[in-house]
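Trainee: Can you read through this structure? Questions will come right after.
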Amino acid sequence: MENIDNMTRNSLEALSRDNLTDTARKKLRTEILCGIASLALLAAGLLYTYALGNPHPVVPQILYFIGFLIEGLPVIWAGIKGIFTKNLTNAMEILVGIAIICCVFNRDMILALLIPLILNVVHLLEERSIMGGRDVIDNLMNMQQNTAVLFEDGKETVVDVAQLQVGQQILVKPGMGIPIDGVILSGQTNIDQKSLTGEPHPAFAKVGDPVYAGTVNLDGQILVEVKKAHVDTAFSKIIQLLEQSEGICAPESRLIDRFLGYYIPFVLGVAAAVALVARDISQAIAILVVSCPCGQMLVSSAPMIAALSAATKRGVLIKNAKFIEELTEIDVVVFDKTGTVTRGELTLTDTVSYVDGCDVLSLAASLAVASTHPVSRAVVAAMKDRQIDHSLLVQEISGGGMEAKTSQGILRFGRGEWLEGLGVQIPENDDIPGSVSYLARDTQLLGCLCFHDTEREHAAETIDQLRQLGVQETVMLTGDREAPAKAIQEKLGIDRVFARLLPQDKLDKLRELSQGEHNVLAIGDGINDALALREADVGIAMGAMGSDLAIESADIALMNNNLLNIPFAVDLARRTRKVIYQNLVLSITISVSMIALSAFGVISALAGSILHNFGAFAVLLNSSRLLREEQPDAPAEEPEEPTIAEEP
């Protein structure tokens, strides 16, 4: 018994994954023990029969019967539950259970023992061969650090990551995984962020830069302040999302459910007819065994796991069934401008003063210093070494700009439309190609500042690839002025552009584009575009790493800013749907062929217990093409902070 237990332990270690739950481990251990015990009983019965001359014929039958009880009863019980609960995932157990019962009544106890034993062994091997899709998630989970080096009062202490609290400081040495989301307080390093973004090139990080759990510190020691609890890190949310993605129910899987509802009665009818006509119960048993719908059960799940694996390697997170249902049908693509098709890194190009002696840049910077908006960052950067007034109590107006009360009146800096609504006369500057923000005191216009933004790398190539995939129209929605929006439109080849839109205007325009038979894909940064991403047939959030809102609002989240991942996702969805339909035809054809061969006595029940898995392996092999046909990575971009809002 000790040897058997050792065999079980070794098999368990070889077959189980590191993240199996205790319940799963116990179940696997039980299955292996039962299999070993049944094999031992079968071997004992055969030895008694052929080595000892079978002095008492009833003895081997008893041994076989005990083996049947060990291996066969769980299958029969699962089949009975499947019948009464109408759970078609137990279709295999229903058919095999009937076959085993027929073997018992036919007094073929060896076959009654071997059929469930072989089925369990082959299905265990089959489960282990699902082409590494689940291993992607397992590998990510293994990247989670369980411990961290807490730095307090000049001392280093190794603690459990779950015990870390926001505000504490940790040391991350070269080669260590970063255990928590935080901000670098001291030091600089290169960080491998491939697990989150899919980008192969390390990202340089310095003081003030965010770092994320699940990434690896490559070459420098850094001191990090904890910004999120262990359960709230971006990495933890991604793993939760991936776990949920495995349960995505594609529309084709519902078709399989309906198919199995007719398939089981059909198989039972064929088996009964063969038994009556051929008067050979063994042929009917063979039909029941080979007809197990293993391939049909994997028709949609295997391609989804393969697609999930391919997408995760590119930093593309798939959240729901829209990946198959609607992304494959999109014909209109709507882009946000700032931070999506442009880099959102504005540069101040010019300042214009309408009042003599007014330092427009200095006054604008005194307001902009309180904001993280791209325009504000550009203004502050343009001040360089000049002194900025930090004394103003600044209020940021959503969709407008910033304002503060001064001794001379209310100072405002932001969108021209916002200031016009407050009574400020704004001159026509539509001929200026860049973005323009205005400075005013009360209703007096003091000046304006002009900015330049650059289109994102691969933007034009992305739009061309989308057209090749059948997209009929590309649209850009922006809160910016029409002149800079038109300039970006011409550079990228976008079909239509709508400028000067507030977030609610974007939502209304998106609803207008969705009217009729159009399927709309919306792409934004996931922060100021959350409403549009939710409203579209499919929403894709770009640069979602570290942004909870981006992950929650979109159907698909891109953890990096690689625009080429958008046509990749569309193409992957279409290839996945194609593979699902191929699997459906393939599995049904193989099942019908197997049933026909069994009906004519070509395949025996024992051979059928092995051959019936041919359909499942064919489906798995066909699904694995989604991994082999994966598109090459595009050149990586430098990591960027998410854009907070459109230009004021």
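Ordering of the structure tokens sets the chain letters (A, B, ...), residue numbers begin anew at 1 in every chain, and ligands are numbered from 1 in the order given.
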Output as number ranges by chain all residues of stretch 305-340 of chain A that backbone DSSP marks as alpha helix (DSSP H).
Mentor: A: 305-313, 322-325
Trainee: Those same residues, written as an mmCIF file, in the first residue's frame with all heavy atoms?
Mentor:
```cif
data_model
loop_
_atom_site.group_PDB
_atom_site.id
_atom_site.type_symbol
_atom_site.label_atom_id
_atom_site.label_comp_id
_atom_site.auth_asym_id
_atom_site.auth_seq_id
_atom_site.Cartn_x
_atom_site.Cartn_y
_atom_site.Cartn_z
ATOM 1 N N ILE A 305 -9.853 29.394 -25.183
ATOM 2 C CA ILE A 305 -8.649 29.331 -24.357
ATOM 3 C C ILE A 305 -7.426 29.687 -25.190
ATOM 4 O O ILE A 305 -6.531 30.416 -24.741
ATOM 5 C CB ILE A 305 -8.499 27.932 -23.723
ATOM 6 C CG1 ILE A 305 -9.607 27.704 -22.693
ATOM 7 C CG2 ILE A 305 -7.141 27.780 -23.060
ATOM 8 C CD1 ILE A 305 -9.611 26.311 -22.102
ATOM 9 N N ALA A 306 -7.368 29.184 -26.422
ATOM 10 C CA ALA A 306 -6.236 29.503 -27.300
ATOM 11 C C ALA A 306 -6.204 30.999 -27.612
ATOM 12 O O ALA A 306 -5.136 31.631 -27.598
ATOM 13 C CB ALA A 306 -6.326 28.690 -28.583
ATOM 14 N N ALA A 307 -7.366 31.580 -27.910
ATOM 15 C CA ALA A 307 -7.432 33.015 -28.204
ATOM 16 C C ALA A 307 -7.037 33.836 -26.983
ATOM 17 O O ALA A 307 -6.333 34.850 -27.088
ATOM 18 C CB ALA A 307 -8.838 33.394 -28.669
ATOM 19 N N LEU A 308 -7.510 33.403 -25.822
ATOM 20 C CA LEU A 308 -7.166 34.081 -24.574
ATOM 21 C C LEU A 308 -5.660 34.067 -24.363
ATOM 22 O O LEU A 308 -5.054 35.059 -23.963
ATOM 23 C CB LEU A 308 -7.874 33.400 -23.409
ATOM 24 C CG LEU A 308 -7.589 33.932 -22.008
ATOM 25 C CD1 LEU A 308 -8.098 35.352 -21.872
ATOM 26 C CD2 LEU A 308 -8.211 33.031 -20.958
ATOM 27 N N SER A 309 -5.046 32.921 -24.650
ATOM 28 C CA SER A 309 -3.597 32.791 -24.500
ATOM 29 C C SER A 309 -2.857 33.731 -25.450
ATOM 30 O O SER A 309 -1.943 34.458 -25.044
ATOM 31 C CB SER A 309 -3.178 31.338 -24.760
ATOM 32 O OG SER A 309 -1.785 31.196 -24.722
ATOM 33 N N ALA A 310 -3.250 33.729 -26.728
ATOM 34 C CA ALA A 310 -2.592 34.582 -27.724
ATOM 35 C C ALA A 310 -2.766 36.061 -27.384
ATOM 36 O O ALA A 310 -1.833 36.858 -27.527
ATOM 37 C CB ALA A 310 -3.152 34.285 -29.110
ATOM 38 N N ALA A 311 -3.969 36.426 -26.920
ATOM 39 C CA ALA A 311 -4.238 37.827 -26.611
ATOM 40 C C ALA A 311 -3.463 38.283 -25.379
ATOM 41 O O ALA A 311 -2.912 39.386 -25.351
ATOM 42 C CB ALA A 311 -5.733 38.040 -26.401
ATOM 43 N N THR A 312 -3.404 37.430 -24.357
ATOM 44 C CA THR A 312 -2.727 37.801 -23.123
ATOM 45 C C THR A 312 -1.249 38.056 -23.352
ATOM 46 O O THR A 312 -0.654 38.957 -22.760
ATOM 47 C CB THR A 312 -2.910 36.693 -22.066
ATOM 48 O OG1 THR A 312 -4.311 36.469 -21.860
ATOM 49 C CG2 THR A 312 -2.281 37.093 -20.747
ATOM 50 N N LYS A 313 -0.635 37.272 -24.247
ATOM 51 C CA LYS A 313 0.784 37.474 -24.551
ATOM 52 C C LYS A 313 1.035 38.836 -25.184
ATOM 53 O O LYS A 313 2.147 39.359 -25.120
ATOM 54 C CB LYS A 313 1.273 36.375 -25.490
ATOM 55 C CG LYS A 313 1.341 35.001 -24.833
ATOM 56 C CD LYS A 313 1.740 33.945 -25.843
ATOM 57 C CE LYS A 313 1.751 32.560 -25.207
ATOM 58 N NZ LYS A 313 2.075 31.508 -26.212
ATOM 59 N N LYS A 322 -18.585 39.512 -26.130
ATOM 60 C CA LYS A 322 -18.610 40.448 -27.252
ATOM 61 C C LYS A 322 -17.406 40.247 -28.162
ATOM 62 O O LYS A 322 -17.424 40.648 -29.321
ATOM 63 C CB LYS A 322 -18.629 41.893 -26.736
ATOM 64 C CG LYS A 322 -19.965 42.323 -26.142
ATOM 65 C CD LYS A 322 -19.943 43.793 -25.804
ATOM 66 C CE LYS A 322 -21.308 44.249 -25.280
ATOM 67 N NZ LYS A 322 -21.323 45.695 -24.986
ATOM 68 N N PHE A 323 -16.352 39.654 -27.608
ATOM 69 C CA PHE A 323 -15.162 39.360 -28.404
ATOM 70 C C PHE A 323 -15.536 38.531 -29.626
ATOM 71 O O PHE A 323 -14.985 38.719 -30.711
ATOM 72 C CB PHE A 323 -14.156 38.609 -27.535
ATOM 73 C CG PHE A 323 -12.954 38.102 -28.285
ATOM 74 C CD1 PHE A 323 -11.996 38.976 -28.742
ATOM 75 C CD2 PHE A 323 -12.784 36.755 -28.536
ATOM 76 C CE1 PHE A 323 -10.889 38.523 -29.432
ATOM 77 C CE2 PHE A 323 -11.688 36.286 -29.220
ATOM 78 C CZ PHE A 323 -10.738 37.177 -29.663
ATOM 79 N N ILE A 324 -16.470 37.597 -29.475
ATOM 80 C CA ILE A 324 -16.901 36.739 -30.579
ATOM 81 C C ILE A 324 -18.166 37.277 -31.221
ATOM 82 O O ILE A 324 -18.309 37.315 -32.439
ATOM 83 C CB ILE A 324 -17.147 35.301 -30.089
ATOM 84 C CG1 ILE A 324 -15.837 34.690 -29.594
ATOM 85 C CG2 ILE A 324 -17.732 34.438 -31.206
ATOM 86 C CD1 ILE A 324 -14.798 34.497 -30.656
ATOM 87 N N GLU A 325 -19.110 37.709 -30.399
ATOM 88 C CA GLU A 325 -20.438 38.050 -30.906
ATOM 89 C C GLU A 325 -20.448 39.322 -31.752
ATOM 90 O O GLU A 325 -21.102 39.385 -32.776
ATOM 91 C CB GLU A 325 -21.411 38.212 -29.732
ATOM 92 C CG GLU A 325 -21.705 36.904 -29.012
ATOM 93 C CD GLU A 325 -22.772 37.089 -27.955
ATOM 94 O OE1 GLU A 325 -23.965 37.091 -28.302
ATOM 95 O OE2 GLU A 325 -22.411 37.234 -26.783
#
```
Trainee: So that I can see what lies close to A:Ala440, please list as a list in words the residues with an atom at most 8 Å from it, counting only C-alpha atoms and leaving out residues fewer than 2 positions away in the same chain.
Mentor: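 My list of contacting residues is Leu411, Arg412, Phe413, Leu419, Val424, Tyr438, Asp442, Thr443, Gln444, Leu445, Leu446 and Gly447 of chain A.
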Trainee: Which residue out of A:Leu117, A:Gln221, A:Val96, A:Glu403 has the minimum interatomic distance to A:Ile70 when only C-alpha atoms are used?
Mentor: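 Nearest candidate to A:Ile70 out of A:Leu117, A:Gln221, A:Val96, A:Glu403: A:Leu117.
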Trainee: Calculated over only C-alpha atoms, which of the candidates A:Gln168, A:Thr215, A:Ile264, A:Gln489 has the smallest distance to A:Lys227?
Mentor: A:Gln168
Trainee: Which is closer to A:Ser514 than all the others in A:Met559, A:Leu150, A:Val333, A:Leu47, using only C-alpha atoms?
Mentor: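 Going through A:Met559, A:Leu150, A:Val333, A:Leu47 one by one, the smallest distance to A:Ser514 is for A:Val333.
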Trainee: I want to know what sits within 6 Å of A:Thr147, based on only C-alpha atoms, with residues of the same chain fewer than 2 positions away left out; could you give that as a compact mmCIF listing (two decimals) with N, CA and C atoms, in the first residue's frame?
Mentor:
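This is the output file out.txt:
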```txt
# COMPACT_ATOMS: atom_id res chain seq x y z
N GLN A 145 4.39 38.07 -6.21
CA GLN A 145 5.32 37.96 -5.09
C GLN A 145 4.53 37.74 -3.80
N VAL A 159 8.31 40.62 4.95
CA VAL A 159 6.93 40.46 5.42
C VAL A 159 6.08 39.87 4.30
N ASP A 160 4.91 39.38 4.68
CA ASP A 160 3.94 38.90 3.70
C ASP A 160 3.35 40.09 2.96
N VAL A 161 3.21 39.97 1.64
CA VAL A 161 2.69 41.08 0.83
C VAL A 161 1.30 41.49 1.30
```
Trainee: Enter the distance from atom CA of A:Val341 to atom CA of A:Gly493, in Å, rounded to one decimal.
Mentor: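 Distance between the two atoms: 11.5 Å.
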